[in-house]
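With compact mmCIF, C-alpha atoms inside, this is target-v2.txt:
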```
# COMPACT_ATOMS: atom_id res chain seq x y z
CA MET A 1 -0.32 19.24 -15.13
CA PRO A 2 -0.87 15.70 -16.44
CA THR A 3 -4.16 14.91 -18.13
CA THR A 4 -6.15 11.69 -17.96
CA ASP A 5 -5.52 11.16 -21.68
CA GLU A 6 -1.81 11.55 -21.24
CA LEU A 7 -1.76 9.05 -18.39
CA LYS A 8 -3.86 6.61 -20.39
CA GLN A 9 -1.56 6.84 -23.39
CA ARG A 10 1.56 6.42 -21.32
CA ILE A 11 0.21 3.33 -19.57
CA GLU A 12 -0.93 1.79 -22.84
CA ALA A 13 2.41 2.51 -24.48
CA ALA A 14 4.41 1.02 -21.61
CA ILE A 15 2.48 -2.16 -20.83
CA PRO A 16 2.02 -4.76 -23.59
CA ASP A 17 -1.52 -4.88 -25.01
CA ALA A 18 -2.84 -2.80 -22.16
CA THR A 19 -6.13 -0.97 -22.13
CA ALA A 20 -6.32 1.76 -19.53
CA ASP A 21 -9.19 3.84 -18.20
CA VAL A 22 -8.02 6.86 -16.31
CA GLU A 23 -10.25 9.15 -14.30
CA ASP A 24 -9.47 12.37 -12.54
CA TRP A 25 -10.65 11.30 -9.14
CA THR A 26 -11.12 14.65 -7.50
CA GLY A 27 -11.33 16.96 -10.49
CA GLY A 28 -8.18 18.66 -9.27
CA GLY A 29 -5.85 17.21 -11.90
CA ASP A 30 -3.56 15.45 -9.45
CA HIS A 31 -5.48 12.50 -7.97
CA PHE A 32 -6.04 9.85 -10.59
CA ARG A 33 -7.67 6.47 -10.73
CA ALA A 34 -6.55 4.00 -13.39
CA THR A 35 -8.10 0.68 -14.32
CA VAL A 36 -5.68 -1.29 -16.44
CA VAL A 37 -6.34 -4.52 -18.28
CA SER A 38 -3.41 -6.41 -19.80
CA PRO A 39 -2.40 -10.00 -20.46
CA ALA A 40 1.01 -9.01 -19.06
CA PHE A 41 -0.48 -9.24 -15.53
CA ALA A 42 -1.09 -12.98 -15.79
CA GLY A 43 0.78 -14.90 -13.13
CA LEU A 44 1.90 -11.79 -11.26
CA SER A 45 0.97 -10.93 -7.69
CA ARG A 46 -1.14 -7.84 -7.17
CA ILE A 47 1.82 -5.87 -5.95
CA GLN A 48 3.81 -6.81 -9.06
CA GLN A 49 0.88 -5.85 -11.28
CA HIS A 50 0.53 -2.49 -9.59
CA LYS A 51 4.26 -1.94 -9.78
CA LEU A 52 4.15 -2.27 -13.55
CA VAL A 53 1.66 0.60 -13.63
CA MET A 54 3.42 2.68 -10.96
CA ASP A 55 6.74 2.27 -12.75
CA VAL A 56 5.35 4.09 -15.78
CA PHE A 57 5.28 7.23 -13.63
CA ALA A 58 8.40 6.65 -11.57
CA GLY A 59 9.40 9.84 -9.86
CA GLU A 60 6.17 11.67 -10.67
CA ILE A 61 4.00 10.05 -8.04
CA GLY A 62 4.04 12.21 -4.97
CA GLY A 63 5.08 15.08 -7.23
CA PRO A 64 2.89 16.27 -10.12
CA ILE A 65 0.74 13.17 -9.70
CA HIS A 66 -0.22 13.42 -6.06
CA ALA A 67 -1.97 10.08 -5.97
CA LEU A 68 -2.63 7.31 -8.44
CA SER A 69 -5.13 4.68 -7.47
CA VAL A 70 -4.76 1.50 -9.50
CA LYS A 71 -6.89 -1.51 -10.33
CA THR A 72 -5.45 -4.22 -12.53
CA HIS A 73 -7.04 -7.14 -14.33
CA THR A 74 -6.14 -9.69 -16.94
CA PRO A 75 -8.46 -9.70 -19.97
CA MET B 1 19.69 -7.98 4.44
CA ALA B 2 21.85 -7.53 7.52
CA GLU B 3 24.74 -6.04 5.62
CA GLN B 4 26.37 -2.99 7.10
CA THR B 5 25.21 0.17 5.49
CA GLU B 6 25.87 3.73 6.39
CA ASN B 7 22.19 4.24 6.75
CA PRO B 8 20.94 3.58 10.28
CA LEU B 9 17.44 4.81 9.48
CA ARG B 10 17.05 2.40 6.59
CA ASP B 11 18.43 -0.37 8.81
CA ALA B 12 15.90 0.49 11.51
CA ILE B 13 13.05 0.34 9.02
CA ALA B 14 14.26 -2.99 7.64
CA GLU B 15 14.49 -4.31 11.17
CA ALA B 16 10.96 -3.17 12.01
CA ILE B 17 9.67 -4.92 8.88
CA ARG B 18 11.57 -8.07 9.83
CA ASP B 19 10.52 -8.08 13.48
CA ASN B 20 6.81 -7.43 13.02
CA GLU B 21 4.76 -10.02 11.25
CA VAL B 22 2.22 -7.41 10.20
CA ILE B 23 3.37 -3.81 10.00
CA LEU B 24 1.74 -0.79 8.43
CA PHE B 25 3.61 2.36 7.52
CA MET B 26 1.05 5.14 7.44
CA LYS B 27 0.37 8.83 7.76
CA GLY B 28 -0.79 9.43 11.32
CA THR B 29 -1.72 6.71 13.78
CA PRO B 30 -4.42 4.01 13.71
CA GLU B 31 -6.33 6.12 16.25
CA MET B 32 -5.87 9.28 14.23
CA PRO B 33 -5.02 8.64 10.58
CA ALA B 34 -3.83 11.77 8.79
CA CYS B 35 -4.80 10.73 5.27
CA GLY B 36 -7.82 9.05 3.71
CA PHE B 37 -5.76 6.27 2.16
CA SER B 38 -4.16 5.44 5.50
CA ALA B 39 -7.56 5.59 7.21
CA ARG B 40 -9.07 3.18 4.70
CA THR B 41 -6.21 0.73 5.10
CA VAL B 42 -6.36 0.85 8.89
CA ALA B 43 -10.11 0.27 8.83
CA ALA B 44 -9.70 -2.81 6.63
CA LEU B 45 -6.93 -4.17 8.83
CA GLN B 46 -8.78 -3.52 12.06
CA SER B 47 -11.90 -5.20 10.78
CA THR B 48 -9.98 -8.46 10.42
CA GLY B 49 -9.12 -8.42 14.12
CA ALA B 50 -5.52 -9.35 13.37
CA PRO B 51 -2.95 -7.49 15.44
CA PHE B 52 -0.63 -5.19 13.54
CA ALA B 53 2.14 -2.76 14.23
CA ALA B 54 1.92 0.75 12.85
CA VAL B 55 4.54 3.37 12.14
CA ASP B 56 3.69 7.00 11.54
CA ILE B 57 5.92 8.26 8.75
CA LEU B 58 5.01 11.91 9.16
CA PRO B 59 7.32 12.98 12.00
CA ASP B 60 10.39 12.78 9.77
CA PRO B 61 10.31 12.99 5.94
CA ARG B 62 13.36 10.75 5.80
CA ILE B 63 11.29 7.79 7.02
CA ARG B 64 9.17 7.91 3.89
CA GLN B 65 12.19 8.46 1.68
CA GLU B 66 14.05 5.48 3.10
CA LEU B 67 10.97 3.28 3.20
CA SER B 68 10.21 3.90 -0.47
CA ALA B 69 13.83 3.31 -1.40
CA LEU B 70 13.69 0.01 0.45
CA SER B 71 10.32 -1.17 -0.83
CA ASN B 72 10.52 0.38 -4.29
CA TRP B 73 6.96 1.58 -3.75
CA PRO B 74 6.22 5.28 -4.05
CA THR B 75 3.13 5.84 -1.95
CA ILE B 76 1.94 5.60 1.64
CA PRO B 77 0.45 3.53 3.27
CA GLN B 78 2.48 0.37 2.82
CA LEU B 79 1.51 -2.90 4.44
CA PHE B 80 4.11 -5.60 5.04
CA VAL B 81 3.26 -9.13 6.08
CA LYS B 82 6.06 -11.50 7.02
CA GLY B 83 8.64 -9.15 5.58
CA GLU B 84 6.94 -8.82 2.19
CA LEU B 85 5.27 -5.73 0.81
CA VAL B 86 1.62 -6.61 0.28
CA GLY B 87 0.50 -3.25 -1.02
CA GLY B 88 -1.04 0.11 -0.36
CA SER B 89 -4.63 1.11 0.20
CA ASP B 90 -5.95 -0.05 -3.20
CA ILE B 91 -4.56 -3.54 -2.84
CA VAL B 92 -5.46 -3.89 0.84
CA THR B 93 -9.03 -2.70 0.18
CA GLU B 94 -9.41 -5.05 -2.76
CA MET B 95 -8.01 -7.94 -0.74
CA TYR B 96 -10.35 -7.10 2.11
CA GLU B 97 -13.32 -7.25 -0.23
CA THR B 98 -12.34 -10.61 -1.67
CA GLY B 99 -11.43 -12.17 1.69
CA GLU B 100 -7.79 -12.52 0.68
CA LEU B 101 -6.72 -10.12 3.39
CA HIS B 102 -7.96 -12.44 6.12
CA GLU B 103 -6.15 -15.31 4.47
CA THR B 104 -2.91 -13.36 4.19
CA LEU B 105 -3.12 -12.33 7.83
CA GLY B 106 -3.95 -15.85 8.93
CA VAL B 107 -7.32 -15.02 10.46
CA GLU B 108 -10.67 -16.53 9.68
CA ALA B 109 -12.75 -14.67 7.13
CA PRO B 110 -16.18 -13.62 8.34
CA ALA B 111 -18.94 -15.98 7.25
CA ALA B 112 -21.47 -13.33 6.34
CA ALA B 113 -21.51 -10.08 8.28
CA PRO B 114 -18.02 -8.80 8.95
CA ALA B 115 -17.41 -8.48 12.67
CA PRO B 116 -15.47 -5.29 13.13
CA ALA B 117 -14.16 -5.74 16.66
CA ALA B 118 -11.02 -7.49 17.80
CA THR B 119 -12.73 -9.95 20.11
CA ASP B 120 -9.78 -12.30 20.30
CA PRO B 121 -8.64 -12.09 23.93
CA GLY B 122 -5.08 -12.57 22.76
CA ALA B 123 -5.24 -9.64 20.38
CA GLN B 124 -2.52 -7.18 21.07
CA PRO B 125 -3.10 -3.48 21.34
CA LEU B 126 -2.49 -1.70 18.10
CA GLY B 127 0.62 0.20 17.36
CA ILE B 128 4.22 -0.01 18.37
CA GLU B 129 6.46 2.63 19.67
CA ASN B 130 7.74 4.69 16.82
CA ASN B 131 11.45 4.68 17.49
CA LEU B 132 12.65 5.18 13.94
CA ARG B 133 14.98 8.11 14.25
```

Please render this file's structure as structure tokens.
Amino acid sequence: MPTTDELKQRIEAAIPDATADVEDWTGGGDHFRATVVSPAFAGLSRIQQHKLVMDVFAGEIGGPIHALSVKTHTP
Amino acid sequence: MAEQTENPLRDAIAEAIRDNEVILFMKGTPEMPACGFSARTVAALQSTGAPFAAVDILPDPRIRQELSALSNWPTIPQLFVKGELVGGSDIVTEMYETGELHETLGVEAPAAAPAPAATDPGAQPLGIENNLR
């Protein structure tokens, strides 16, 4: 089962200069909420920004990660 | 886009996205959403008063599979406007809160209090026939 720390580290490793806050939304270890701040989002549409985050977990969303709610910002 | 594939279901989904200016792929129906994320997205859409088509992806797991392959987006719901994926419930909710959703849908944003009802006499009934098989 993925942990919030693991998700945070993976997002921060994958997206340049990203800072991520990950919460376990339901306490069940499979619904997560991530707030990600990165200069890499500048100039991208929301969907493109979210895709950068979703792509970190390609194949796991819908599986071990039942749901990942995302908010993205530039610093 | 119109190239022949051996995948009639994917073609049908692509056609639905092309033919409906605003189309939501969701779990359940606008009247009876089967998931909180779908319910939230429907509520935001309905509050704008803009007509939209809706497809329930639950009857056949292949719909979701093909839709995600097409859109490269893993989760449901998925909102498309003018053939483009706008987002899922997070993005739609955020856009609703900032007024961007109204803009994207080409309807006027509420001045102060959001009017929830579709009072536009030309507003179409929600939902299309789900003929994706």

Determine, using only C-alpha atoms, which residues of chain B have any atom at most 9 Å from an atom of chain A, and tabulate each with its shortest atom pair and distance in Å to one decimal place, rows ordered by chain and then rising number, as CSV.
```
residue,atom,partner,partner_atom,distance
B:Asn72,CA,A:Lys51,CA,8.6
B:Trp73,CA,A:Lys51,CA,7.5
B:Pro74,CA,A:Ile61,CA,6.6
B:Thr75,CA,A:Gly62,CA,7.1
B:Leu85,CA,A:Ile47,CA,7.6
B:Val86,CA,A:Ile47,CA,6.3
B:Gly87,CA,A:Ile47,CA,5.7
B:Gly88,CA,A:Ile47,CA,8.7
B:Ser89,CA,A:Ser69,CA,8.5
B:Asp90,CA,A:Ser69,CA,6.4
B:Ile91,CA,A:Arg46,CA,7.0
B:Glu94,CA,A:Lys71,CA,8.7
```

Practice task
Using all atoms listed in the file, determine which residues lie at most 8 Å from Gly29 in chain A, disregarding the query and same-chain residues fewer than 5 positions distant; provide the list as a ChimeraX atom specification.
Solution key: /A:1-3,24

Practice task
Please indicate the distance in Å from CA of Asp30 in chain A to CA of Pro64 in chain A, rounded to one decimal place.
Solution key: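 Distance reported for this atom pair: 6.5 Å.
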
Problem - Length of the CA of Glu31 in chain B to CA of Ala54 in chain B vector [Å] - result: 10.4 Å

Practice task
Record the distance separating CA of Val42 in chain B and CA of Pro110 in chain B, expressed in Å with one decimal.
Solution key: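 These two atoms are separated by 17.5 Å.
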
Problem - Residues within 8 Å of Phe41 in chain A, all atoms listed in the file, excluding chain neighbours under 5 positions, as a PyMOL selection string - result: chain A and resi 49+72-74

Spatial neighbours of Arg18 in chain B, 10 Å, only C-alpha atoms, chain gap at least 4 places, as a PDB file with C-alpha atoms, keeping the file's coordinate frame:
```pdb
ATOM      1  CA  MET B   1      19.690  -7.980   4.440  1.00  0.00           C
ATOM      2  CA  ALA B  12      15.900   0.490  11.510  1.00  0.00           C
ATOM      3  CA  ILE B  13      13.050   0.340   9.020  1.00  0.00           C
ATOM      4  CA  ALA B  14      14.260  -2.990   7.640  1.00  0.00           C
ATOM      5  CA  VAL B  22       2.220  -7.410  10.200  1.00  0.00           C
ATOM      6  CA  ILE B  23       3.370  -3.810  10.000  1.00  0.00           C
ATOM      7  CA  PHE B  80       4.110  -5.600   5.040  1.00  0.00           C
ATOM      8  CA  VAL B  81       3.260  -9.130   6.080  1.00  0.00           C
ATOM      9  CA  LYS B  82       6.060 -11.500   7.020  1.00  0.00           C
ATOM     10  CA  GLY B  83       8.640  -9.150   5.580  1.00  0.00           C
ATOM     11  CA  GLU B  84       6.940  -8.820   2.190  1.00  0.00           C
TER      12      GLU B  84
END
```

Exercise for the section: Write out as a list in words which residues come within 9 Å of Ile11 in chain A when counting only C-alpha atoms, dropping same-chain ones fewer than 4 positions away. Expected result: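 With the cut-off at 9 Å, the set is Glu6, Leu7, Ile15, Ala18, Thr19, Ala20, Val36, Val53, Val56 and Phe57 of chain A.
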
Practice task
Go through B:His102, B:Arg40, B:Lys27, B:Arg10 one by one, measure the shortest atom-to-atom distance of each to Glu66 in chain B using only C-alpha atoms, and give the residue with the smallest value.
Solution key: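 Looking at the shortest contact to Glu66 in chain B, the residue is B:Arg10.
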
Practice task
Pick out the closest residue to Tyr96 in chain B from this set: B:Arg64, B:Ser47, B:Ile57, B:Ala69. Count all atoms listed in the file.
Solution key: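 Among B:Arg64, B:Ser47, B:Ile57, B:Ala69, it is B:Ser47 that comes nearest to Tyr96 in chain B.
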